[in-house]
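Colleague: Handing over upload14.txt, compact mmCIF, C-alpha atoms and all ligand atoms.
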# COMPACT_ATOMS: atom_id res chain seq x y z
CA MET U 1 -51.93 39.85 9.98
CA THR U 2 -55.13 41.74 10.73
CA ILE U 3 -56.78 41.86 14.13
CA ALA U 4 -60.07 43.52 15.01
CA ILE U 5 -60.98 44.94 18.37
CA ILE U 6 -64.73 44.99 18.95
CA ASN U 7 -66.20 46.80 21.93
CA GLY U 8 -69.80 46.51 23.01
CA PRO U 9 -72.26 48.87 24.68
CA ASN U 10 -71.17 51.79 26.85
CA LEU U 11 -67.49 51.24 26.11
CA ASN U 12 -67.61 54.40 23.99
CA LEU U 13 -67.80 56.13 27.39
CA LEU U 14 -64.47 54.79 28.66
CA GLY U 15 -62.61 57.59 30.42
CA LYS U 16 -65.77 59.07 31.89
CA ARG U 17 -67.82 56.01 32.76
CA GLU U 18 -67.44 54.59 36.30
CA VAL U 19 -63.76 55.55 36.33
CA ASP U 20 -63.13 53.69 39.59
CA ILE U 21 -63.92 50.45 37.72
CA TYR U 22 -62.89 51.18 34.14
CA GLY U 23 -60.17 53.84 34.51
CA ASN U 24 -59.85 57.31 33.07
CA GLN U 25 -58.34 56.62 29.67
CA THR U 26 -60.51 56.86 26.56
CA PHE U 27 -60.39 53.89 24.21
CA ASP U 28 -59.47 56.15 21.31
CA ASP U 29 -56.33 57.24 23.18
CA TYR U 30 -55.50 53.69 24.19
CA PHE U 31 -56.02 52.50 20.61
CA ILE U 32 -53.35 54.96 19.40
CA THR U 33 -50.81 53.41 21.78
CA LEU U 34 -51.88 49.91 20.75
CA LYS U 35 -51.40 50.71 17.07
CA GLU U 36 -47.92 52.09 17.79
CA LYS U 37 -47.01 49.06 19.87
CA PHE U 38 -48.00 46.52 17.21
CA ASP U 39 -47.06 48.66 14.23
CA GLN U 40 -44.61 46.12 12.78
CA GLN U 41 -46.67 43.03 13.56
CA ALA U 42 -50.33 43.60 12.82
CA ILE U 43 -52.93 45.87 11.32
CA LEU U 44 -55.40 46.71 14.06
CA THR U 45 -58.96 47.86 13.46
CA TYR U 46 -61.43 49.14 16.02
CA PHE U 47 -65.22 48.93 16.02
CA GLN U 48 -67.61 49.88 18.81
CA SER U 49 -71.38 49.55 18.89
CA ASN U 50 -74.10 49.97 21.46
CA HIS U 51 -76.32 47.64 19.41
CA GLU U 52 -76.32 43.87 19.50
CA GLY U 53 -77.08 43.56 15.77
CA GLY U 54 -74.26 45.95 14.88
CA ILE U 55 -71.78 43.77 16.72
CA ILE U 56 -73.14 40.63 15.05
CA ASP U 57 -73.00 42.24 11.58
CA HIS U 58 -69.39 43.26 12.17
CA ILE U 59 -68.40 39.78 13.33
CA HIS U 60 -69.98 38.39 10.13
CA GLU U 61 -68.19 40.96 7.95
CA ILE U 62 -64.68 40.27 9.21
CA GLY U 63 -64.98 36.83 10.76
CA TYR U 64 -63.95 34.84 7.68
CA GLU U 65 -61.06 37.11 6.73
CA TYR U 66 -59.28 38.54 9.75
CA ASP U 67 -56.67 36.63 11.72
CA GLY U 68 -58.12 37.41 15.11
CA ILE U 69 -60.83 39.25 17.00
CA VAL U 70 -60.52 40.73 20.48
CA LEU U 71 -64.06 41.10 21.77
CA ASN U 72 -65.33 42.94 24.79
CA GLY U 73 -69.06 42.39 24.41
CA ALA U 74 -69.63 44.38 27.62
CA ALA U 75 -73.13 43.74 29.02
CA TYR U 76 -74.05 41.57 26.00
CA THR U 77 -71.47 39.08 27.28
CA HIS U 78 -73.97 38.11 29.94
CA THR U 79 -77.14 38.18 27.84
CA SER U 80 -76.49 37.48 24.18
CA VAL U 81 -76.89 34.00 22.77
CA ALA U 82 -76.94 35.72 19.35
CA ILE U 83 -73.40 37.09 19.74
CA ALA U 84 -72.22 33.71 21.04
CA ASP U 85 -73.74 32.09 17.93
CA ALA U 86 -72.03 34.64 15.65
CA ILE U 87 -68.65 33.77 17.20
CA ALA U 88 -69.35 30.08 16.62
CA ALA U 89 -70.40 30.76 13.02
CA VAL U 90 -67.22 32.48 11.87
CA THR U 91 -63.74 31.02 11.40
CA THR U 92 -61.66 33.84 12.89
CA PRO U 93 -60.52 33.01 16.43
CA VAL U 94 -61.92 35.25 19.15
CA VAL U 95 -60.39 36.19 22.50
CA GLU U 96 -62.78 37.71 25.02
CA VAL U 97 -61.54 40.59 27.13
CA HIS U 98 -63.02 42.37 30.13
CA ILE U 99 -61.45 45.40 31.75
CA SER U 100 -62.83 44.56 35.18
CA ASN U 101 -62.71 41.15 36.82
CA ILE U 102 -66.21 39.91 36.04
CA HIS U 103 -65.78 37.08 38.57
CA ALA U 104 -65.27 39.54 41.40
CA ARG U 105 -68.44 41.51 40.61
CA GLU U 106 -72.22 40.98 40.74
CA GLY U 107 -73.47 37.47 40.16
CA PHE U 108 -75.10 38.35 36.83
CA ARG U 109 -71.69 39.34 35.41
CA GLN U 110 -70.07 36.06 36.29
CA HIS U 111 -71.57 34.09 33.41
CA SER U 112 -70.46 34.68 29.83
CA TYR U 113 -72.44 33.27 26.91
CA SER U 114 -69.76 34.35 24.46
CA ALA U 115 -66.81 32.81 26.31
CA THR U 116 -68.05 29.33 25.42
CA ASN U 117 -67.13 29.99 21.79
CA CYS U 118 -63.91 31.95 22.39
CA ILE U 119 -60.37 30.60 22.62
CA GLY U 120 -59.97 32.14 26.04
CA VAL U 121 -60.86 35.02 28.30
CA ILE U 122 -58.76 37.77 29.89
CA THR U 123 -60.59 39.54 32.67
CA GLY U 124 -59.63 42.06 35.33
CA LEU U 125 -56.30 43.26 33.95
CA GLY U 126 -57.61 46.64 32.85
CA LEU U 127 -56.95 47.89 29.32
CA LYS U 128 -53.76 45.81 29.35
CA GLY U 129 -56.01 42.82 28.63
CA TYR U 130 -56.48 44.01 25.03
CA GLU U 131 -52.72 44.18 24.50
CA LEU U 132 -52.22 40.69 25.94
CA ALA U 133 -54.99 39.28 23.75
CA ILE U 134 -53.46 40.83 20.61
CA LYS U 135 -50.04 39.47 21.55
CA TYR U 136 -51.53 36.02 22.00
CA LEU U 137 -53.25 36.14 18.60
CA ILE U 138 -50.02 37.24 16.90
CA ASP U 139 -47.92 34.54 18.61
CA ARG U 140 -50.44 31.84 17.78
CA LYS U 141 -50.11 32.59 14.05
CA LYS U 142 -46.29 32.27 14.08
C1 LIG O 201 -67.11 44.74 31.02
C2 LIG O 201 -67.82 44.00 32.15
C3 LIG O 201 -69.31 43.91 31.88
O1 LIG O 201 -69.97 43.22 32.94
C4 LIG O 201 -69.91 45.29 31.77
O2 LIG O 201 -71.27 45.20 31.44
C5 LIG O 201 -69.18 46.17 30.83
C6 LIG O 201 -67.73 46.10 30.76
C7 LIG O 201 -65.62 44.96 31.31
O3 LIG O 201 -64.89 45.25 30.39
O4 LIG O 201 -65.19 44.86 32.47
O5 LIG O 201 -69.77 47.04 30.20
O6 LIG O 201 -67.20 43.95 29.84
Give the structure from this file in structure tokens form.
Modeller:
Amino acid sequence: MTIAIINGPNLNLLGKREVDIYGNQTFDDYFITLKEKFDQQAILTYFQSNHEGGIIDHIHEIGYEYDGIVLNGAAYTHTSVAIADAIAAVTTPVVEVHISNIHAREGFRQHSYSATNCIGVITGLGLKGYELAIKYLIDRKK
């Protein structure tokens, strides 16, 4: 069982970026705890890019092999038809995650192009959303 976490632009700055919204933990630190938590159940990989094409290339690379993808496309969620198309093109199921509650924020964040092609969306539960998405993808394979 292999699950990829893919984070989009500016999420490399977690821990120092708008900490009132996104918290003060770095994703690298959080990823260590995630790997420990799911040690017996899944191999987790982590990829982050600030570039739309990099995210698309990575979805293509793993999207016919891996058992699940947890995607936080960050701002591309609200702009990228190309990422939405990449999700539709691959066979690996994708769960979309947002740290903040995109429905409680500015109007432009309330629409997700990518969500249309995902199994579901977890939004507003902080970093915990990634853990819940992984758990869902593991349970769904059982
Ligand atoms: C985000 C929400 C997006 O609107 C924003 O552009 C991000 C992060 C989140 O995780 O809450 O960069 O995806």
Colleague: Within 7 Å of ligand LIG 201 (chain O) (counting all atoms listed in the file), which residues show up? I'd like them as a ChimeraX atom specification.
Modeller: /U:9-11,22,72-75,77,97-102,109,124
Colleague: Please identify all polymer residues within 10 Å of Asp57 of chain U, counting all atoms listed in the file, omitting same-chain residues fewer than 6 positions from it, and present them as a list in words.
Modeller: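 Listing them by chain and then by number gives Gly63, Ile83 and Ala86 of chain U.
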Colleague: Would you save the residues of that selection, restricted to C-alpha atoms, as a compact mmCIF listing (two decimals), in the coordinates of the input?
Modeller:
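Writing the result to result_24.txt gives the following:
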# COMPACT_ATOMS: atom_id res chain seq x y z
CA GLY U 63 -64.98 36.83 10.76
CA ILE U 83 -73.40 37.09 19.74
CA ALA U 86 -72.03 34.64 15.65
Colleague: Please report the interatomic distance between atom CA of Tyr113 of chain U and atom CA of Val94 of chain U in Å with one decimal.
Modeller: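 Computing the Euclidean distance for atom CA of Tyr113 of chain U and atom CA of Val94 of chain U yields 13.2 Å.
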Colleague: For atom CA of Gly8 of chain U and atom CA of Ser49 of chain U, quote the distance in Å rounded to one decimal.
Modeller: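 Separation between atom CA of Gly8 of chain U and atom CA of Ser49 of chain U: 5.4 Å.
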Colleague: Between atom CA of Ile3 of chain U and atom CA of Glu65 of chain U, what is the spacing in Å?
Modeller: 9.8 Å
Colleague: Hey, which of U:Lys128, U:His51, U:Lys135, U:Lys141 ends up closest to Thr92 of chain U? Count all atoms listed in the file.
Modeller: U:Lys141
Colleague: For a quick check of understanding, using all atoms listed in the file, which of U:Val19, U:Ala133, U:Leu127, U:Ile69 has the smallest distance to Ile5 of chain U?
Modeller: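 Using all atoms listed in the file, Ile5 of chain U sits closest to U:Ile69.
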Colleague: Please determine, counting only C-alpha atoms, which residue among U:Ile32, U:Gly68, U:Glu106, U:Asp39 has the shortest atom-to-atom distance to Arg140 of chain U.
Modeller: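 Closest to Arg140 of chain U, using only C-alpha atoms: U:Gly68.
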Colleague: In terms of the shortest atom-to-atom distance over only C-alpha atoms, which of U:Glu131, U:Glu36, U:Glu52, U:Asp28 is closest to Val81 of chain U?
Modeller: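 Looking only at the distances to Val81 of chain U, the closest residue turns out to be U:Glu52.
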Colleague: May I have the residues within 9 Å of Ala88 of chain U as a PyMOL selection string, using all atoms listed in the file and disregarding those fewer than 2 positions away in the same chain?
Modeller: chain U and resi 83-86+90-91+114+116-118
Colleague: Restricting the calculation to only C-alpha atoms, which member of U:Gly107, U:Pro93, U:Gly15, U:Gly23 is positioned closest to Tyr66 of chain U?
Modeller: U:Pro93
Colleague: Could you give me the axis-aligned bounding box of segment 28-40 of chain U, with 5 Å of padding per side, as centre plus edge lengths in Å to one decimal, as lines of an AutoDock Vina configuration file?
Modeller:
center_x = -52.0
center_y = 51.7
center_z = 18.5
size_x = 24.9
size_y = 21.1
size_z = 21.4
Colleague: Would you mind telling me which residue in U:Ile43, U:Ala4, U:Leu14, U:Val121 lies nearest to Ile62 of chain U when using all atoms listed in the file?
Modeller: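 Checking each of U:Ile43, U:Ala4, U:Leu14, U:Val121 against Ile62 of chain U, counting all atoms listed in the file, the winner is U:Ala4.
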